[in-house]
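Taking it in order: structure first as structure tokens, then the write-up.
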Amino acid sequence: MKLLTTVRQMVQAREASPRPLGLVPTMGYLHAGHLALVKRAKEETAAVVVSIFVNPTQFGPTEDMATYPRDMERDLALLEQERVDIVFAPPVEEMYPAGYSTYVEVEGITSRLEGERRPEHFRGVATVVAKLFTIVRPDCSYFGQKDGQQLLVVRRLAQDLNLCTEVVAVPTVREPDGLALSSRNAYLSKQEREAALVLSRALRRVEELWRGGERDGEALRQEMRGMVQAEPLAELDYVSVADTAALEELGTVDRPAMASLAVRIGRARLIDNVPLVEETP
Ligand code: PAF
């Protein structure tokens, strides 16, 4: 496994790489959710690049950039075990040198849900992902369904800017009790972790109701709201049942949709979602 830290090294390595080339973009502090992306990339491509970069432009001024969990040594050991070919871990000055002034905005879907609460977030994500796609030129790139809105934003970005990569969605990895894996789970105390189960319980309930034929969007949102509000350690940020094309809240769930929510528990802000999509036989 090669560890590369400059854009120049990465461009040279990509030129010498067998194809198809897969990219798994991460901010490090890897868990089984990231490793599921890596395993899928290993199955589908001839060489895999994992990027590790805590991207400053996607954090707001009051967010957890400085304290975002990091453990490069452990990350490298995990990736070595997965037989990853290249780890691209540039320092901030390599990605954003002095004078840097170009940003990518995806309009529309970025103004809702996470985008509404974190105004600079998706501009930062779209910018760094566009840079990674340009530097690595992956044939396939792998993103978790866990960050459902990010996945839609990256798909739009790749399509609109003709970035020529297939964006592959990998299902959310959960603990046996339902908690979606996230690097931010590291912030939870034992009691808070127990309270955090309310996110997956609420989503499971909504999925059950939807499978049972409930198509009233507000009734589904109300079910989630009620469950979160009944959990004393949880502070609800939003619940949503929105279509996957424009992320507009649905009155009637009559097209492919995503149920999602964001909840604060202690110092962690957690998000989770389930797709509400009819399976085609
Ligand atoms: O999902 C993440 O870890 C980040 O948002 C990403 C896609 C690596 C961009 O920094």
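All residue names refer to the structure tokens as shown: chains lettered A, B, ... in order, residues numbered from 1 in each chain, ligands numbered from 1 in order.
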
Report task. Enumerate, as an NGL selection string, the complete set of residues in stretch 17-54 of chain A that a backbone-based DSSP assignment places in helix (DSSP H, G or I). Result -> :A and (32-44)

Selection to disk with C-alpha atoms, as a PDB file, in the first residue's frame:
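As a result, part.pdb now contains:
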```
ATOM      1  CA  ALA A  32     -16.940  -0.655   9.541  1.00  0.00           C
ATOM      2  CA  GLY A  33     -19.098   1.716   7.436  1.00  0.00           C
ATOM      3  CA  HIS A  34     -15.993   3.004   5.605  1.00  0.00           C
ATOM      4  CA  LEU A  35     -14.632  -0.527   5.313  1.00  0.00           C
ATOM      5  CA  ALA A  36     -17.889  -1.609   3.601  1.00  0.00           C
ATOM      6  CA  LEU A  37     -17.181   1.069   0.959  1.00  0.00           C
ATOM      7  CA  VAL A  38     -13.614  -0.206   0.583  1.00  0.00           C
ATOM      8  CA  LYS A  39     -14.733  -3.855   0.290  1.00  0.00           C
ATOM      9  CA  ARG A  40     -17.273  -2.939  -2.393  1.00  0.00           C
ATOM     10  CA  ALA A  41     -14.609  -0.950  -4.280  1.00  0.00           C
ATOM     11  CA  LYS A  42     -12.199  -3.923  -4.039  1.00  0.00           C
ATOM     12  CA  GLU A  43     -14.866  -6.215  -5.540  1.00  0.00           C
ATOM     13  CA  GLU A  44     -15.662  -3.911  -8.450  1.00  0.00           C
TER      14      GLU A  44
END
```

Residues of chain A at most 6 Å from ligand 1: nearest atom pair and distance in Å, only C-alpha atoms and all ligand atoms, as CSV:
```
residue,atom,partner,partner_atom_place_in_ligand_line,distance
A:Pro25,CA,ligand 1,8 (C),4.4
A:Thr26,CA,ligand 1,8 (C),3.7
A:Met27,CA,ligand 1,3 (O),4.7
A:Asn55,CA,ligand 1,10 (O),5.2
A:Val125,CA,ligand 1,9 (C),5.0
A:Val129,CA,ligand 1,9 (C),5.9
```

Can you write just those residues out, N, CA and C atoms, as a PDB file, in the first residue's frame?
```
ATOM      1  N   PRO A  25     -13.660   8.284  -0.847  1.00  0.00           N
ATOM      2  CA  PRO A  25     -13.273   9.499  -0.119  1.00  0.00           C
ATOM      3  C   PRO A  25     -13.695   9.401   1.349  1.00  0.00           C
ATOM      4  N   THR A  26     -12.789   9.729   2.271  1.00  0.00           N
ATOM      5  CA  THR A  26     -13.130   9.686   3.703  1.00  0.00           C
ATOM      6  C   THR A  26     -12.468  10.866   4.425  1.00  0.00           C
ATOM      7  N   MET A  27     -12.926  11.081   5.651  1.00  0.00           N
ATOM      8  CA  MET A  27     -12.245  12.045   6.527  1.00  0.00           C
ATOM      9  C   MET A  27     -11.525  11.279   7.636  1.00  0.00           C
ATOM     10  N   ASN A  55     -11.721  17.842   5.715  1.00  0.00           N
ATOM     11  CA  ASN A  55     -11.855  18.976   4.796  1.00  0.00           C
ATOM     12  C   ASN A  55     -12.373  20.230   5.506  1.00  0.00           C
ATOM     13  N   VAL A 125     -18.230  20.307   0.641  1.00  0.00           N
ATOM     14  CA  VAL A 125     -18.212  18.906   0.194  1.00  0.00           C
ATOM     15  C   VAL A 125     -18.056  18.857  -1.331  1.00  0.00           C
ATOM     16  N   VAL A 129     -14.868  17.198  -3.195  1.00  0.00           N
ATOM     17  CA  VAL A 129     -15.129  15.989  -3.982  1.00  0.00           C
ATOM     18  C   VAL A 129     -14.778  16.257  -5.457  1.00  0.00           C
TER      19      VAL A 129
END
```

Query raised in the report: Near A:Phe59, within 10 Å and counting only C-alpha atoms, which residues show up once chain neighbours fewer than 2 positions away are dropped, as a count of residues only?
Result: 17

Query raised in the report: Can you tell me, as number ranges by chain, what residues are no more than 12 Å from A:Ala126 when counting only C-alpha atoms, ignoring any on the same chain fewer than 3 positions away?
Result: A: 55, 57-58, 102-107, 110, 115, 120-123, 129-133, 149-158, 160-161

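Between A:Pro275 and the residues A:Val263, A:Met224, A:Val167, A:Leu203, the shortest atom-to-atom distance, using only C-alpha atoms, involves A:Leu203.
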
Report task. Go through stretch 122-271 of chain A and collect every residue that DSSP, computed from the backbone, puts in strand (DSSP E or B); the answer should be as an NGL selection string. Result -> :A and (140-144 or 166-170 or 174 or 180 or 216 or 234-243 or 249 or 252 or 257-265 or 268-271)

Hey, what's within 8 Å of A:Thr172 if we count only C-alpha atoms and toss same-chain stuff fewer than 5 positions away? As an mmCIF file with C-alpha atoms, in the first residue's frame, please?
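What ended up in around_0.cif:
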```cif
data_model
loop_
_atom_site.group_PDB
_atom_site.id
_atom_site.type_symbol
_atom_site.label_atom_id
_atom_site.label_comp_id
_atom_site.auth_asym_id
_atom_site.auth_seq_id
_atom_site.Cartn_x
_atom_site.Cartn_y
_atom_site.Cartn_z
ATOM 1 C CA GLY A 33 -19.098 1.716 7.436
ATOM 2 C CA GLY A 144 -22.455 5.708 2.011
ATOM 3 C CA GLN A 145 -26.265 5.872 1.987
ATOM 4 C CA LYS A 146 -25.890 7.056 5.611
ATOM 5 C CA ALA A 180 -25.833 3.728 12.208
ATOM 6 C CA LEU A 181 -22.028 3.786 12.303
#
```

Query raised in the report: Any idea what's packed within 6 Å of A:Val241, counting only C-alpha atoms, ignoring anything in its chain fewer than 2 positions away? Could you give it as a PyMOL selection string?
Result: chain A and resi 249+258-259

Requested in this report: May I ask for the distance between atom CA of A:Val50 and atom CA of A:Leu23, given in Å to one decimal place?
Outcome: 5.8 Å

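Nearest-residue note for A:Arg225: choosing from A:Val253, A:Met72, A:Leu247, A:Ala262, the minimum distance belongs to A:Ala262, counting only C-alpha atoms.
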
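For A:Tyr238, the residues within 12 Å (counting only C-alpha atoms, excluding itself and residues fewer than 4 positions away along the chain) are Arg112, Leu113, Glu114, Gly115, Glu116, Arg117, Leu199, Arg221, Gln222, Met224, Arg225, Gly226, Val228, Gln229, Ala234, Glu249, Ala259, Ser260, Leu261, Ala262, Val263, Arg264, Arg269, Leu270, Ile271, Asp272 and Asn273 of chain A.
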
Report summary line: With distances taken over only C-alpha atoms, the candidate from A:Tyr29, A:Tyr100, A:Phe88, A:Phe53 nearest A:Thr5 is A:Phe88

Using only C-alpha atoms, tabulate the residues of stretch 103-138 of chain A lying at most 12 Å from any atom of stretch 12-20 of chain A, each with its closest atom pair and that distance in Å to one decimal, by chain and increasing residue number, as a tab-separated table.
```
residue	atom	partner	partner_atom	distance
A:Leu132	CA	A:Arg14	CA	11.8
A:Phe133	CA	A:Arg14	CA	11.3
A:Thr134	CA	A:Arg14	CA	10.8
A:Ile135	CA	A:Arg14	CA	8.4
A:Val136	CA	A:Arg14	CA	6.1
A:Arg137	CA	A:Arg14	CA	7.5
A:Pro138	CA	A:Pro20	CA	7.5
```

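For the pair atom CA of A:Trp210 and atom CA of A:Glu235, the interatomic distance is 24.7 Å.
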
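Distance annotation: of A:Ser141, A:Ser240, A:Gln81, A:Thr6, the residue with the minimal separation from A:Glu218 is A:Ser240; atom set is only C-alpha atoms.
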
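Counting from atom CA of A:Ala196, the distance to atom CA of A:Leu233 is 8.5 Å.
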